[in-house]
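Enquirer: For reference, this is protein-v3.cif, and it has mmCIF, C-alpha atoms.
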data_data
loop_
_atom_site.group_PDB
_atom_site.id
_atom_site.type_symbol
_atom_site.label_atom_id
_atom_site.label_comp_id
_atom_site.auth_asym_id
_atom_site.auth_seq_id
_atom_site.Cartn_x
_atom_site.Cartn_y
_atom_site.Cartn_z
ATOM 1 C CA MET A 463 0.000 0.000 0.000
ATOM 2 C CA SER A 464 1.072 3.562 -0.528
ATOM 3 C CA SER A 465 1.367 4.182 3.206
ATOM 4 C CA ASP A 466 3.728 1.257 3.585
ATOM 5 C CA PRO A 467 7.067 2.612 4.826
ATOM 6 C CA HIS A 468 8.733 -0.108 2.762
ATOM 7 C CA SER A 469 7.145 1.144 -0.424
ATOM 8 C CA HIS A 470 9.699 0.860 -3.179
ATOM 9 C CA GLY A 471 8.431 3.793 -5.153
ATOM 10 C CA HIS A 472 8.301 2.070 -8.529
ATOM 11 C CA GLY A 473 6.064 4.847 -9.644
ATOM 12 C CA HIS A 474 2.849 3.127 -8.619
ATOM 13 C CA SER A 475 0.643 6.137 -8.225
ATOM 14 C CA HIS A 476 -2.433 4.043 -7.479
ATOM 15 C CA TYR A 477 -3.453 0.581 -6.471
ATOM 16 C CA HIS A 478 -6.393 -1.333 -7.856
ATOM 17 C CA ASP A 479 -7.636 -3.460 -5.000
ATOM 18 C CA ALA A 480 -7.410 -3.619 -1.279
ATOM 19 C CA HIS A 481 -4.357 -5.830 -1.315
ATOM 20 C CA GLU A 482 -0.659 -5.280 -1.185
ATOM 21 C CA ALA A 483 1.143 -4.990 -4.448
ATOM 22 C CA ILE A 484 2.505 -8.410 -5.296
ATOM 23 C CA VAL A 485 6.255 -8.085 -5.207
ATOM 24 C CA SER A 486 8.907 -10.635 -4.497
ATOM 25 C CA ASP A 487 11.579 -9.311 -2.192
ATOM 26 C CA ASP A 488 12.928 -12.717 -1.270
ATOM 27 C CA ALA A 489 16.241 -13.741 -2.712
ATOM 28 C CA PRO A 490 15.676 -16.534 -5.239
ATOM 29 C CA GLY A 491 16.072 -20.020 -3.799
ATOM 30 C CA TYR A 492 18.398 -22.758 -4.965
ATOM 31 C CA TYR A 493 15.916 -24.400 -7.349
ATOM 32 C CA GLU A 494 14.711 -21.075 -8.714
ATOM 33 C CA ILE A 495 18.284 -20.145 -9.613
ATOM 34 C CA MET A 496 18.848 -23.605 -11.095
ATOM 35 C CA GLU A 497 15.680 -23.322 -13.206
ATOM 36 C CA THR A 498 16.738 -19.913 -14.505
ATOM 37 C CA ALA A 499 20.234 -21.161 -15.284
ATOM 38 C CA VAL A 500 19.006 -24.274 -17.128
ATOM 39 C CA ARG A 501 16.387 -22.283 -19.028
ATOM 40 C CA GLU A 502 18.895 -19.636 -20.105
ATOM 41 C CA LEU A 503 21.381 -22.318 -21.111
ATOM 42 C CA LEU A 504 18.790 -24.184 -23.205
ATOM 43 C CA ILE A 505 17.844 -20.950 -24.945
ATOM 44 C CA ALA A 506 21.492 -19.933 -25.455
ATOM 45 C CA LYS A 507 22.240 -23.341 -27.008
ATOM 46 C CA GLY A 508 19.283 -22.925 -29.344
ATOM 47 C CA LEU A 509 17.481 -26.047 -28.077
ATOM 48 C CA ILE A 510 14.329 -24.125 -27.184
ATOM 49 C CA THR A 511 13.239 -20.521 -27.546
ATOM 50 C CA ALA A 512 11.731 -18.111 -25.056
ATOM 51 C CA ASN A 513 8.647 -18.274 -27.261
ATOM 52 C CA ASP A 514 8.418 -22.050 -26.767
ATOM 53 C CA ILE A 515 8.291 -21.501 -23.013
ATOM 54 C CA ARG A 516 5.660 -18.789 -23.300
ATOM 55 C CA HIS A 517 3.621 -21.046 -25.567
ATOM 56 C CA GLN A 518 3.749 -23.935 -23.095
ATOM 57 C CA ILE A 519 2.626 -21.648 -20.262
ATOM 58 C CA GLU A 520 -0.332 -20.660 -22.438
ATOM 59 C CA VAL A 521 -1.110 -24.351 -22.990
ATOM 60 C CA LEU A 522 -1.201 -24.890 -19.221
ATOM 61 C CA ASP A 523 -3.238 -21.726 -18.649
ATOM 62 C CA SER A 524 -5.841 -22.946 -21.145
ATOM 63 C CA ARG A 525 -6.529 -26.023 -18.986
ATOM 64 C CA THR A 526 -9.046 -25.349 -16.220
ATOM 65 C CA PRO A 527 -11.536 -27.320 -14.101
ATOM 66 C CA ALA A 528 -14.239 -26.213 -16.567
ATOM 67 C CA LEU A 529 -12.911 -28.896 -18.932
ATOM 68 C CA GLY A 530 -13.233 -31.636 -16.332
ATOM 69 C CA ALA A 531 -16.697 -30.329 -15.409
ATOM 70 C CA ALA A 532 -17.781 -30.634 -19.046
ATOM 71 C CA VAL A 533 -16.542 -34.231 -19.108
ATOM 72 C CA VAL A 534 -18.466 -35.045 -15.908
ATOM 73 C CA ALA A 535 -21.676 -33.420 -17.181
ATOM 74 C CA ARG A 536 -21.416 -35.378 -20.448
ATOM 75 C CA ALA A 537 -20.918 -38.609 -18.507
ATOM 76 C CA TRP A 538 -23.995 -37.842 -16.387
ATOM 77 C CA THR A 539 -26.187 -37.254 -19.431
ATOM 78 C CA ASP A 540 -24.820 -39.745 -21.962
ATOM 79 C CA PRO A 541 -24.535 -43.329 -20.645
ATOM 80 C CA ALA A 542 -22.711 -44.562 -23.746
ATOM 81 C CA PHE A 543 -20.096 -41.816 -23.334
ATOM 82 C CA LYS A 544 -19.780 -42.635 -19.637
ATOM 83 C CA GLY A 545 -19.070 -46.256 -20.536
ATOM 84 C CA ARG A 546 -16.294 -45.248 -22.923
ATOM 85 C CA LEU A 547 -14.886 -42.745 -20.405
ATOM 86 C CA LEU A 548 -14.668 -45.342 -17.648
ATOM 87 C CA GLU A 549 -13.090 -47.786 -20.079
ATOM 88 C CA ASN A 550 -10.431 -45.310 -21.240
ATOM 89 C CA GLY A 551 -10.407 -41.893 -19.597
ATOM 90 C CA ARG A 552 -7.941 -40.322 -21.964
ATOM 91 C CA ALA A 553 -9.809 -41.462 -25.080
ATOM 92 C CA GLY A 554 -13.078 -40.190 -23.578
ATOM 93 C CA CYS A 555 -11.598 -36.735 -22.986
ATOM 94 C CA GLU A 556 -9.987 -36.668 -26.418
ATOM 95 C CA GLU A 557 -13.368 -37.486 -27.912
ATOM 96 C CA MET A 558 -14.574 -34.158 -26.449
ATOM 97 C CA GLY A 559 -11.621 -32.320 -27.963
ATOM 98 C CA ILE A 560 -9.511 -32.234 -24.790
ATOM 99 C CA SER A 561 -6.036 -33.102 -26.012
ATOM 100 C CA PHE A 562 -3.351 -34.663 -23.855
ATOM 101 C CA TYR A 563 0.020 -33.081 -24.441
ATOM 102 C CA ASP A 564 2.016 -35.749 -22.625
ATOM 103 C CA ASP A 565 2.231 -39.534 -22.339
ATOM 104 C CA THR A 566 0.019 -39.853 -19.274
ATOM 105 C CA GLN A 567 -3.100 -41.992 -19.301
ATOM 106 C CA LEU A 568 -6.268 -41.160 -17.387
ATOM 107 C CA ILE A 569 -8.428 -43.432 -15.266
ATOM 108 C CA VAL A 570 -11.815 -41.977 -14.362
ATOM 109 C CA LEU A 571 -13.013 -43.187 -10.955
ATOM 110 C CA GLU A 572 -16.755 -43.308 -10.496
ATOM 111 C CA ASN A 573 -18.213 -42.478 -7.106
ATOM 112 C CA THR A 574 -21.185 -44.696 -6.296
ATOM 113 C CA GLU A 575 -23.467 -45.507 -3.370
ATOM 114 C CA SER A 576 -20.816 -47.872 -2.086
ATOM 115 C CA VAL A 577 -17.472 -46.281 -3.056
ATOM 116 C CA HIS A 578 -16.070 -42.789 -2.538
ATOM 117 C CA ASN A 579 -12.842 -42.006 -4.408
ATOM 118 C CA LEU A 580 -10.110 -39.606 -3.336
ATOM 119 C CA ILE A 581 -7.019 -38.641 -5.344
ATOM 120 C CA VAL A 582 -3.554 -37.807 -4.066
ATOM 121 C CA CYS A 583 0.039 -37.940 -5.219
ATOM 122 C CA THR A 584 2.182 -38.802 -2.219
ATOM 123 C CA LEU A 585 5.478 -38.465 -4.093
ATOM 124 C CA CYS A 586 4.968 -35.039 -5.665
ATOM 125 C CA SER A 587 1.984 -33.387 -7.359
ATOM 126 C CA CYS A 588 0.811 -35.688 -10.190
ATOM 127 C CA TYR A 589 -2.561 -34.330 -11.241
ATOM 128 C CA PRO A 590 -4.802 -34.634 -14.307
ATOM 129 C CA ARG A 591 -3.549 -31.308 -15.657
ATOM 130 C CA PRO A 592 -4.860 -31.721 -19.224
ATOM 131 C CA VAL A 593 -8.427 -31.749 -17.836
ATOM 132 C CA LEU A 594 -8.154 -29.764 -14.577
ATOM 133 C CA GLY A 595 -5.241 -27.365 -15.070
ATOM 134 C CA LEU A 596 -2.872 -26.651 -12.207
ATOM 135 C CA PRO A 597 -3.497 -28.333 -8.844
ATOM 136 C CA PRO A 598 -4.494 -26.277 -5.806
ATOM 137 C CA ASP A 599 -1.670 -25.468 -3.390
ATOM 138 C CA TRP A 600 -3.013 -27.714 -0.633
ATOM 139 C CA TYR A 601 -2.840 -30.692 -3.004
ATOM 140 C CA LYS A 602 0.924 -30.167 -3.315
ATOM 141 C CA LEU A 603 1.634 -29.683 0.384
ATOM 142 C CA LYS A 604 2.962 -32.490 2.548
ATOM 143 C CA PRO A 605 0.139 -32.580 5.123
ATOM 144 C CA TYR A 606 -2.466 -33.448 2.458
ATOM 145 C CA ARG A 607 -0.134 -35.821 0.632
ATOM 146 C CA ALA A 608 0.707 -37.791 3.764
ATOM 147 C CA ARG A 609 -2.653 -37.696 5.503
ATOM 148 C CA ALA A 610 -4.788 -38.529 2.463
ATOM 149 C CA VAL A 611 -3.364 -42.056 2.471
ATOM 150 C CA ILE A 612 -3.070 -42.507 6.245
ATOM 151 C CA GLU A 613 -6.347 -41.037 7.491
ATOM 152 C CA PRO A 614 -8.492 -40.186 4.454
ATOM 153 C CA ARG A 615 -11.736 -40.028 6.418
ATOM 154 C CA LYS A 616 -10.311 -37.380 8.750
ATOM 155 C CA VAL A 617 -9.052 -35.363 5.803
ATOM 156 C CA LEU A 618 -12.438 -35.627 4.107
ATOM 157 C CA ALA A 619 -14.170 -34.547 7.326
ATOM 158 C CA GLU A 620 -12.002 -31.436 7.390
ATOM 159 C CA PHE A 621 -13.407 -30.590 3.959
ATOM 160 C CA GLY A 622 -16.882 -31.105 5.461
ATOM 161 C CA THR A 623 -17.326 -34.485 3.806
ATOM 162 C CA ILE A 624 -18.512 -37.263 6.109
ATOM 163 C CA ILE A 625 -18.470 -40.677 4.469
ATOM 164 C CA PRO A 626 -20.689 -43.306 6.160
ATOM 165 C CA ASP A 627 -18.828 -46.375 7.461
ATOM 166 C CA ASP A 628 -20.605 -48.697 5.030
ATOM 167 C CA VAL A 629 -19.219 -46.717 2.091
ATOM 168 C CA GLU A 630 -15.688 -47.700 1.075
ATOM 169 C CA VAL A 631 -13.177 -44.882 0.874
ATOM 170 C CA ARG A 632 -10.820 -45.672 -2.003
ATOM 171 C CA VAL A 633 -7.695 -43.546 -2.200
ATOM 172 C CA SER A 634 -5.778 -43.481 -5.476
ATOM 173 C CA ASP A 635 -2.117 -42.506 -5.215
ATOM 174 C CA SER A 636 -0.917 -41.318 -8.629
ATOM 175 C CA THR A 637 2.803 -41.724 -8.931
ATOM 176 C CA ALA A 638 3.887 -42.901 -12.366
ATOM 177 C CA VAL A 639 2.086 -42.799 -15.723
ATOM 178 C CA ILE A 640 -1.572 -42.728 -14.769
ATOM 179 C CA ARG A 641 -3.580 -39.719 -13.691
ATOM 180 C CA TYR A 642 -6.976 -39.904 -12.032
ATOM 181 C CA LEU A 643 -10.199 -37.929 -12.247
ATOM 182 C CA VAL A 644 -13.135 -38.532 -9.919
ATOM 183 C CA LEU A 645 -16.553 -38.801 -11.540
ATOM 184 C CA PRO A 646 -18.732 -37.476 -8.704
ATOM 185 C CA ARG A 647 -22.289 -38.654 -8.090
ATOM 186 C CA ARG A 648 -24.951 -36.618 -9.829
ATOM 187 C CA PRO A 649 -26.932 -34.765 -7.168
ATOM 188 C CA ALA A 650 -30.632 -35.475 -6.759
ATOM 189 C CA GLY A 651 -32.925 -32.758 -8.061
ATOM 190 C CA THR A 652 -30.974 -32.184 -11.268
ATOM 191 C CA GLU A 653 -33.153 -34.330 -13.499
ATOM 192 C CA GLY A 654 -34.325 -31.368 -15.560
ATOM 193 C CA CYS A 655 -30.903 -29.742 -15.927
ATOM 194 C CA THR A 656 -29.132 -29.306 -19.234
ATOM 195 C CA GLU A 657 -25.574 -30.511 -19.707
ATOM 196 C CA GLU A 658 -24.346 -26.915 -19.341
ATOM 197 C CA GLN A 659 -26.290 -26.392 -16.117
ATOM 198 C CA LEU A 660 -24.861 -29.628 -14.741
ATOM 199 C CA ALA A 661 -21.312 -28.658 -15.681
ATOM 200 C CA ALA A 662 -21.728 -25.425 -13.725
ATOM 201 C CA LEU A 663 -22.333 -27.473 -10.562
ATOM 202 C CA VAL A 664 -19.133 -29.496 -10.834
ATOM 203 C CA THR A 665 -16.176 -28.063 -8.937
ATOM 204 C CA ARG A 666 -12.465 -28.830 -9.022
ATOM 205 C CA ASP A 667 -12.532 -30.189 -5.473
ATOM 206 C CA ALA A 668 -15.357 -32.593 -6.355
ATOM 207 C CA MET A 669 -13.209 -34.005 -9.173
ATOM 208 C CA ILE A 670 -10.318 -34.516 -6.715
ATOM 209 C CA GLY A 671 -12.814 -36.253 -4.456
ATOM 210 C CA VAL A 672 -12.652 -34.082 -1.341
ATOM 211 C CA ILE A 673 -16.277 -32.916 -1.610
ATOM 212 C CA PRO A 674 -19.461 -34.103 -3.344
ATOM 213 C CA VAL A 675 -21.280 -32.107 -6.000
ATOM 214 C CA THR A 676 -24.218 -30.293 -4.451
ATOM 215 C CA LEU A 677 -27.011 -28.163 -5.823
ATOM 216 C CA ASN A 678 -26.550 -25.204 -3.532
ATOM 217 C CA ASP A 679 -22.806 -24.730 -3.839
ATOM 218 C CA GLY A 680 -20.923 -23.717 -6.905
ATOM 219 C CA ALA A 681 -24.079 -23.253 -8.936
ATOM 220 C CA ALA A 682 -23.923 -20.485 -11.471
ATOM 221 C CA GLN A 683 -27.070 -18.511 -10.723
ATOM 222 C CA MET G 591 -0.497 -69.370 -45.383
ATOM 223 C CA ASP G 592 0.861 -71.723 -42.844
ATOM 224 C CA THR G 593 -1.132 -70.853 -39.717
ATOM 225 C CA SER G 594 1.209 -72.858 -37.550
ATOM 226 C CA ALA G 595 3.740 -70.082 -38.066
ATOM 227 C CA LEU G 596 1.334 -67.689 -36.361
ATOM 228 C CA SER G 597 0.678 -69.995 -33.474
ATOM 229 C CA ALA G 598 4.406 -70.525 -33.042
ATOM 230 C CA ILE G 599 5.159 -66.822 -32.422
ATOM 231 C CA ARG G 600 7.067 -66.408 -29.213
ATOM 232 C CA PRO G 601 6.610 -63.118 -27.388
ATOM 233 C CA ALA G 602 9.711 -61.287 -26.229
ATOM 234 C CA LEU G 603 10.711 -61.278 -22.611
ATOM 235 C CA PHE G 604 8.261 -59.057 -20.659
ATOM 236 C CA GLU G 605 6.221 -58.305 -23.795
ATOM 237 C CA ARG G 606 3.174 -59.791 -22.133
ATOM 238 C CA PRO G 607 2.045 -58.875 -18.632
ATOM 239 C CA SER G 608 3.366 -61.214 -15.942
ATOM 240 C CA PHE G 609 0.287 -60.827 -13.724
ATOM 241 C CA THR G 610 -3.453 -60.966 -14.248
ATOM 242 C CA VAL G 611 -6.411 -59.460 -12.437
ATOM 243 C CA GLY G 612 -6.946 -61.160 -9.096
ATOM 244 C CA ASP G 613 -3.304 -62.152 -8.577
ATOM 245 C CA ARG G 614 -1.942 -61.590 -5.084
ATOM 246 C CA VAL G 615 1.368 -59.758 -5.187
ATOM 247 C CA ARG G 616 3.823 -58.279 -2.756
ATOM 248 C CA VAL G 617 5.675 -55.010 -3.317
ATOM 249 C CA SER G 618 9.393 -55.622 -3.263
ATOM 250 C CA LYS G 619 11.055 -54.478 -0.060
ATOM 251 C CA ARG G 620 14.329 -53.412 -1.598
ATOM 252 C CA ALA G 621 15.552 -49.862 -1.098
ATOM 253 C CA PRO G 622 18.128 -49.143 -3.799
ATOM 254 C CA ILE G 623 19.652 -45.731 -4.389
ATOM 255 C CA GLY G 624 18.118 -43.829 -7.286
ATOM 256 C CA HIS G 625 14.847 -42.460 -8.571
ATOM 257 C CA TYR G 626 11.877 -44.599 -7.531
ATOM 258 C CA ARG G 627 8.151 -44.204 -8.027
ATOM 259 C CA VAL G 628 6.994 -46.753 -5.489
ATOM 260 C CA PRO G 629 6.284 -45.008 -2.178
ATOM 261 C CA ILE G 630 8.174 -46.354 0.845
ATOM 262 C CA TYR G 631 4.927 -47.007 2.736
ATOM 263 C CA LEU G 632 4.044 -49.783 0.269
ATOM 264 C CA ARG G 633 7.264 -51.745 0.326
ATOM 265 C CA GLY G 634 6.803 -55.279 1.590
ATOM 266 C CA ILE G 635 2.997 -54.987 1.611
ATOM 267 C CA ALA G 636 0.715 -57.523 -0.088
ATOM 268 C CA GLY G 637 -2.103 -56.469 -2.395
ATOM 269 C CA SER G 638 -4.215 -57.617 -5.339
ATOM 270 C CA ILE G 639 -4.021 -56.777 -9.034
ATOM 271 C CA VAL G 640 -7.266 -55.053 -10.012
ATOM 272 C CA ARG G 641 -6.311 -53.874 -13.506
ATOM 273 C CA VAL G 642 -3.578 -54.559 -16.032
ATOM 274 C CA ILE G 643 -2.725 -51.231 -17.634
ATOM 275 C CA GLU G 644 -2.264 -51.571 -21.389
ATOM 276 C CA PRO G 645 -0.136 -50.899 -23.257
ATOM 277 C CA ALA G 646 3.215 -51.306 -21.542
ATOM 278 C CA PHE G 647 4.910 -48.017 -20.660
ATOM 279 C CA VAL G 648 8.430 -46.737 -20.351
ATOM 280 C CA ASP G 649 9.868 -47.401 -16.913
ATOM 281 C CA ASN G 650 9.728 -43.976 -15.240
ATOM 282 C CA GLU G 651 12.572 -44.922 -12.954
ATOM 283 C CA GLU G 652 14.886 -45.496 -15.925
ATOM 284 C CA GLU G 653 13.484 -42.536 -17.805
ATOM 285 C CA GLY G 654 14.514 -40.368 -14.853
ATOM 286 C CA TYR G 655 18.103 -40.992 -15.936
ATOM 287 C CA GLY G 656 17.445 -40.438 -19.632
ATOM 288 C CA ARG G 657 17.244 -44.159 -20.403
ATOM 289 C CA ASN G 658 14.002 -44.777 -22.213
ATOM 290 C CA ALA G 659 14.714 -47.203 -25.030
ATOM 291 C CA GLY G 660 13.717 -50.820 -24.806
ATOM 292 C CA ASN G 661 12.624 -50.818 -21.196
ATOM 293 C CA LYS G 662 8.832 -50.830 -21.435
ATOM 294 C CA ARG G 663 7.095 -52.952 -18.842
ATOM 295 C CA HIS G 664 3.528 -53.310 -17.716
ATOM 296 C CA TYR G 665 2.027 -51.234 -14.966
ATOM 297 C CA TYR G 666 -0.734 -52.635 -12.781
ATOM 298 C CA ARG G 667 -3.376 -51.019 -10.663
ATOM 299 C CA VAL G 668 -2.926 -52.725 -7.319
ATOM 300 C CA ALA G 669 -5.353 -52.554 -4.386
ATOM 301 C CA PHE G 670 -4.214 -52.660 -0.759
ATOM 302 C CA ALA G 671 -6.450 -52.881 2.296
ATOM 303 C CA MET G 672 -5.888 -49.811 4.468
ATOM 304 C CA PRO G 673 -5.505 -51.914 7.652
ATOM 305 C CA ASP G 674 -2.647 -53.793 5.911
ATOM 306 C CA LEU G 675 -0.860 -50.476 5.405
ATOM 307 C CA TRP G 676 -1.647 -48.911 8.765
ATOM 308 C CA PRO G 677 -2.175 -51.285 11.704
ATOM 309 C CA ASP G 678 -3.974 -48.536 13.642
ATOM 310 C CA TYR G 679 -6.181 -47.518 10.717
ATOM 311 C CA ALA G 680 -9.267 -45.845 12.157
ATOM 312 C CA GLY G 681 -11.675 -45.982 9.184
ATOM 313 C CA SER G 682 -13.717 -48.841 7.774
ATOM 314 C CA PRO G 683 -11.776 -52.102 7.244
ATOM 315 C CA ASN G 684 -13.106 -52.066 3.676
ATOM 316 C CA ASP G 685 -11.226 -48.865 2.824
ATOM 317 C CA GLU G 686 -8.598 -49.308 0.144
ATOM 318 C CA LEU G 687 -5.599 -47.701 -1.416
ATOM 319 C CA GLN G 688 -5.096 -48.204 -5.129
ATOM 320 C CA ILE G 689 -1.970 -47.278 -7.033
ATOM 321 C CA GLU G 690 -0.192 -48.083 -10.267
ATOM 322 C CA ILE G 691 3.029 -50.044 -9.893
ATOM 323 C CA ILE G 692 5.464 -51.182 -12.563
ATOM 324 C CA GLU G 693 6.112 -54.901 -12.903
ATOM 325 C CA THR G 694 9.720 -54.725 -11.694
ATOM 326 C CA TRP G 695 8.461 -54.005 -8.163
ATOM 327 C CA LEU G 696 5.918 -56.810 -7.856
ATOM 328 C CA GLU G 697 6.529 -60.323 -6.576
ATOM 329 C CA GLN G 698 4.039 -63.155 -6.967
ATOM 330 C CA ILE G 699 2.772 -64.515 -3.674
#
Would you kindly transcribe this structure into structure tokens?
Expert:
Amino acid sequence: MSSDPHSHGHGHSHYHDAHEAIVSDDAPGYYEIMETAVRELLIAKGLITANDIRHQIEVLDSRTPALGAAVVARAWTDPAFKGRLLENGRAGCEEMGISFYDDTQLIVLENTESVHNLIVCTLCSCYPRPVLGLPPDWYKLKPYRARAVIEPRKVLAEFGTIIPDDVEVRVSDSTAVIRYLVLPRRPAGTEGCTEEQLAALVTRDAMIGVIPVTLNDGAAQ
Amino acid sequence: MDTSALSAIRPALFERPSFTVGDRVRVSKRAPIGHYRVPIYLRGIAGSIVRVIEPAFVDNEEEGYGRNAGNKRHYYRVAFAMPDLWPDYAGSPNDELQIEIIETWLEQI
């Protein structure tokens, strides 16, 4: 803020919102310096261009949970598509025009009356990026990664999700070549909804498996 | 055409999956130095094959060192009972962990 005694005076004569200007005063860390060095070396050697990097960032930015939500809504409304999606998740997404830019495969995990699925990557942050974009920060942090496999019901409860004891909690740890996407249960009361209206109900967290899809939350009114 | 030639085809080593759905397997307990994709918490634990992942994929652990030619092996989706992983597991005994594991880490029980 302008009243901040540590203001750097970059000529910011105004600020847009009620938050601090986002500046990084921290010295770069070891890996940040290494990334910069490798990137600059690759560019200097002519192996990739700065434009290639910008392009790839745009590819990642174009992937958002709205894609996954469209897949879920299609599966809810088209049983034949759902069958193909559960058989081969990647092929099902590609059928909708969602390309995969890497060699990962996708398994779609259907939540049912008797099974609730939860996704984690205990080793790092494997995530179905082609269909959901970048993972949320909590997904990458060690407490979630460790606790999701050790005490999934407690973790789910902290998200407000209580799974009855007679429902199996099935945790999928994605660590190698397969990524996972949860196909949540379609909420009751959505019988008259269009595919677009259904997609608007489906949130990122529901496709990770930490919450169900509900009518009164996340709906685009 | 001589159809016996077709029936006489011998698959290469590891071309076909070594395990099938329902097989009981144990995750190898070794702890070599290097890049490994099998979490420590699974080593030595017994589980069941629930899906053979086709086709075979490059071994990520070799790929991590830039070696990715000629080392494709099958991955399997393996299910473990939570109480087998965590003796004090507090949830339902039916809760499961499922994970994909490359063939080199699985031992037939």
Enquirer: Show me a table, sorted first by chain and then by increasing residue number, of the residues of region 610-690 of chain G having an atom at most 9 Å from region 585-605 of chain A, each with its shortest atom pair and the distance in Å to one decimal, counting only C-alpha atoms and written as a tab-separated table.
Expert:
residue	atom	partner	partner_atom	distance
G:Arg627	CA	A:Leu585	CA	7.5
G:Val628	CA	A:Leu585	CA	8.5
G:Pro629	CA	A:Leu585	CA	6.9
Enquirer: Can you write just those residues out, C-alpha atoms, as a compact mmCIF listing (two decimals), in the frame of the given file?
Expert:
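Dumped to result-v9.txt:
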# COMPACT_ATOMS: atom_id res chain seq x y z
CA ARG G 627 8.15 -44.20 -8.03
CA VAL G 628 6.99 -46.75 -5.49
CA PRO G 629 6.28 -45.01 -2.18
Enquirer: Determine the residue membership of the PyMOL selection byres ((chain G and resi 650) around 10) for the file above and supply it as a PyMOL selection string.
Expert: (chain A and resi 637-639) or (chain G and resi 625-627+647-649+651-658+661-662+692)
Enquirer: Could you list, as a CSV table (one decimal) with C-alpha atoms, in the frame of the given file, every residue within 9 Å of region 608-610 of chain G, counting only C-alpha atoms and ignoring same-chain residues fewer than 4 positions away?
Expert:
chain,number,residue,atom,x,y,z
G,604,PHE,CA,8.3,-59.1,-20.7
G,614,ARG,CA,-1.9,-61.6,-5.1
G,615,VAL,CA,1.4,-59.8,-5.2
G,639,ILE,CA,-4.0,-56.8,-9.0
G,640,VAL,CA,-7.3,-55.1,-10.0
G,641,ARG,CA,-6.3,-53.9,-13.5
G,642,VAL,CA,-3.6,-54.6,-16.0
G,664,HIS,CA,3.5,-53.3,-17.7
G,666,TYR,CA,-0.7,-52.6,-12.8
G,693,GLU,CA,6.1,-54.9,-12.9
G,698,GLN,CA,4.0,-63.2,-7.0
Enquirer: Neighbours of Leu571 (chain A) within 10 Å (all atoms listed in the file; same-chain residues fewer than 3 positions away dropped), as a compact mmCIF listing (two decimals) with C-alpha atoms, keeping the file's coordinate frame?
Expert:
# COMPACT_ATOMS: atom_id res chain seq x y z
CA LEU A 547 -14.89 -42.74 -20.40
CA LEU A 548 -14.67 -45.34 -17.65
CA GLY A 551 -10.41 -41.89 -19.60
CA LEU A 568 -6.27 -41.16 -17.39
CA THR A 574 -21.18 -44.70 -6.30
CA VAL A 577 -17.47 -46.28 -3.06
CA HIS A 578 -16.07 -42.79 -2.54
CA ASN A 579 -12.84 -42.01 -4.41
CA LEU A 580 -10.11 -39.61 -3.34
CA ILE A 581 -7.02 -38.64 -5.34
CA ARG A 632 -10.82 -45.67 -2.00
CA SER A 634 -5.78 -43.48 -5.48
CA TYR A 642 -6.98 -39.90 -12.03
CA LEU A 643 -10.20 -37.93 -12.25
CA VAL A 644 -13.14 -38.53 -9.92
CA LEU A 645 -16.55 -38.80 -11.54
CA PRO A 646 -18.73 -37.48 -8.70
CA MET A 669 -13.21 -34.01 -9.17
CA GLY A 671 -12.81 -36.25 -4.46
Enquirer: Can you list, as an MDAnalysis selection string, the residues that the PyMOL selection byres ((chain G and resi 632) around 9) selects here?
Expert: chainID G and resid 617:619 628:631 633:636 670 675
Enquirer: Starting from 3 Å padding per side, set up an axis-aligned box that covers all listed atoms of region 623-642 of chain G and hand over centre and edge lengths in Å, one decimal, as lines of an AutoDock Vina configuration file.
Expert:
center_x = 6.2
center_y = -50.0
center_z = -6.6
size_x = 32.9
size_y = 21.2
size_z = 24.8
Enquirer: Mind listing as a list in words which residues of chain G are within 6 Å of chain A, counting only C-alpha atoms?
Expert: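 Listed by rising number, the hits are Arg627, Ser682, Asn684, Asp685, Glu686, Leu687, Gln688 and Ile689 of chain G.
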Enquirer: Report, in Å with one decimal, the straight-line distance from CA of Ile505 (chain A) to CA of Ala489 (chain A).
Expert: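 Those two atoms sit 23.4 Å apart.
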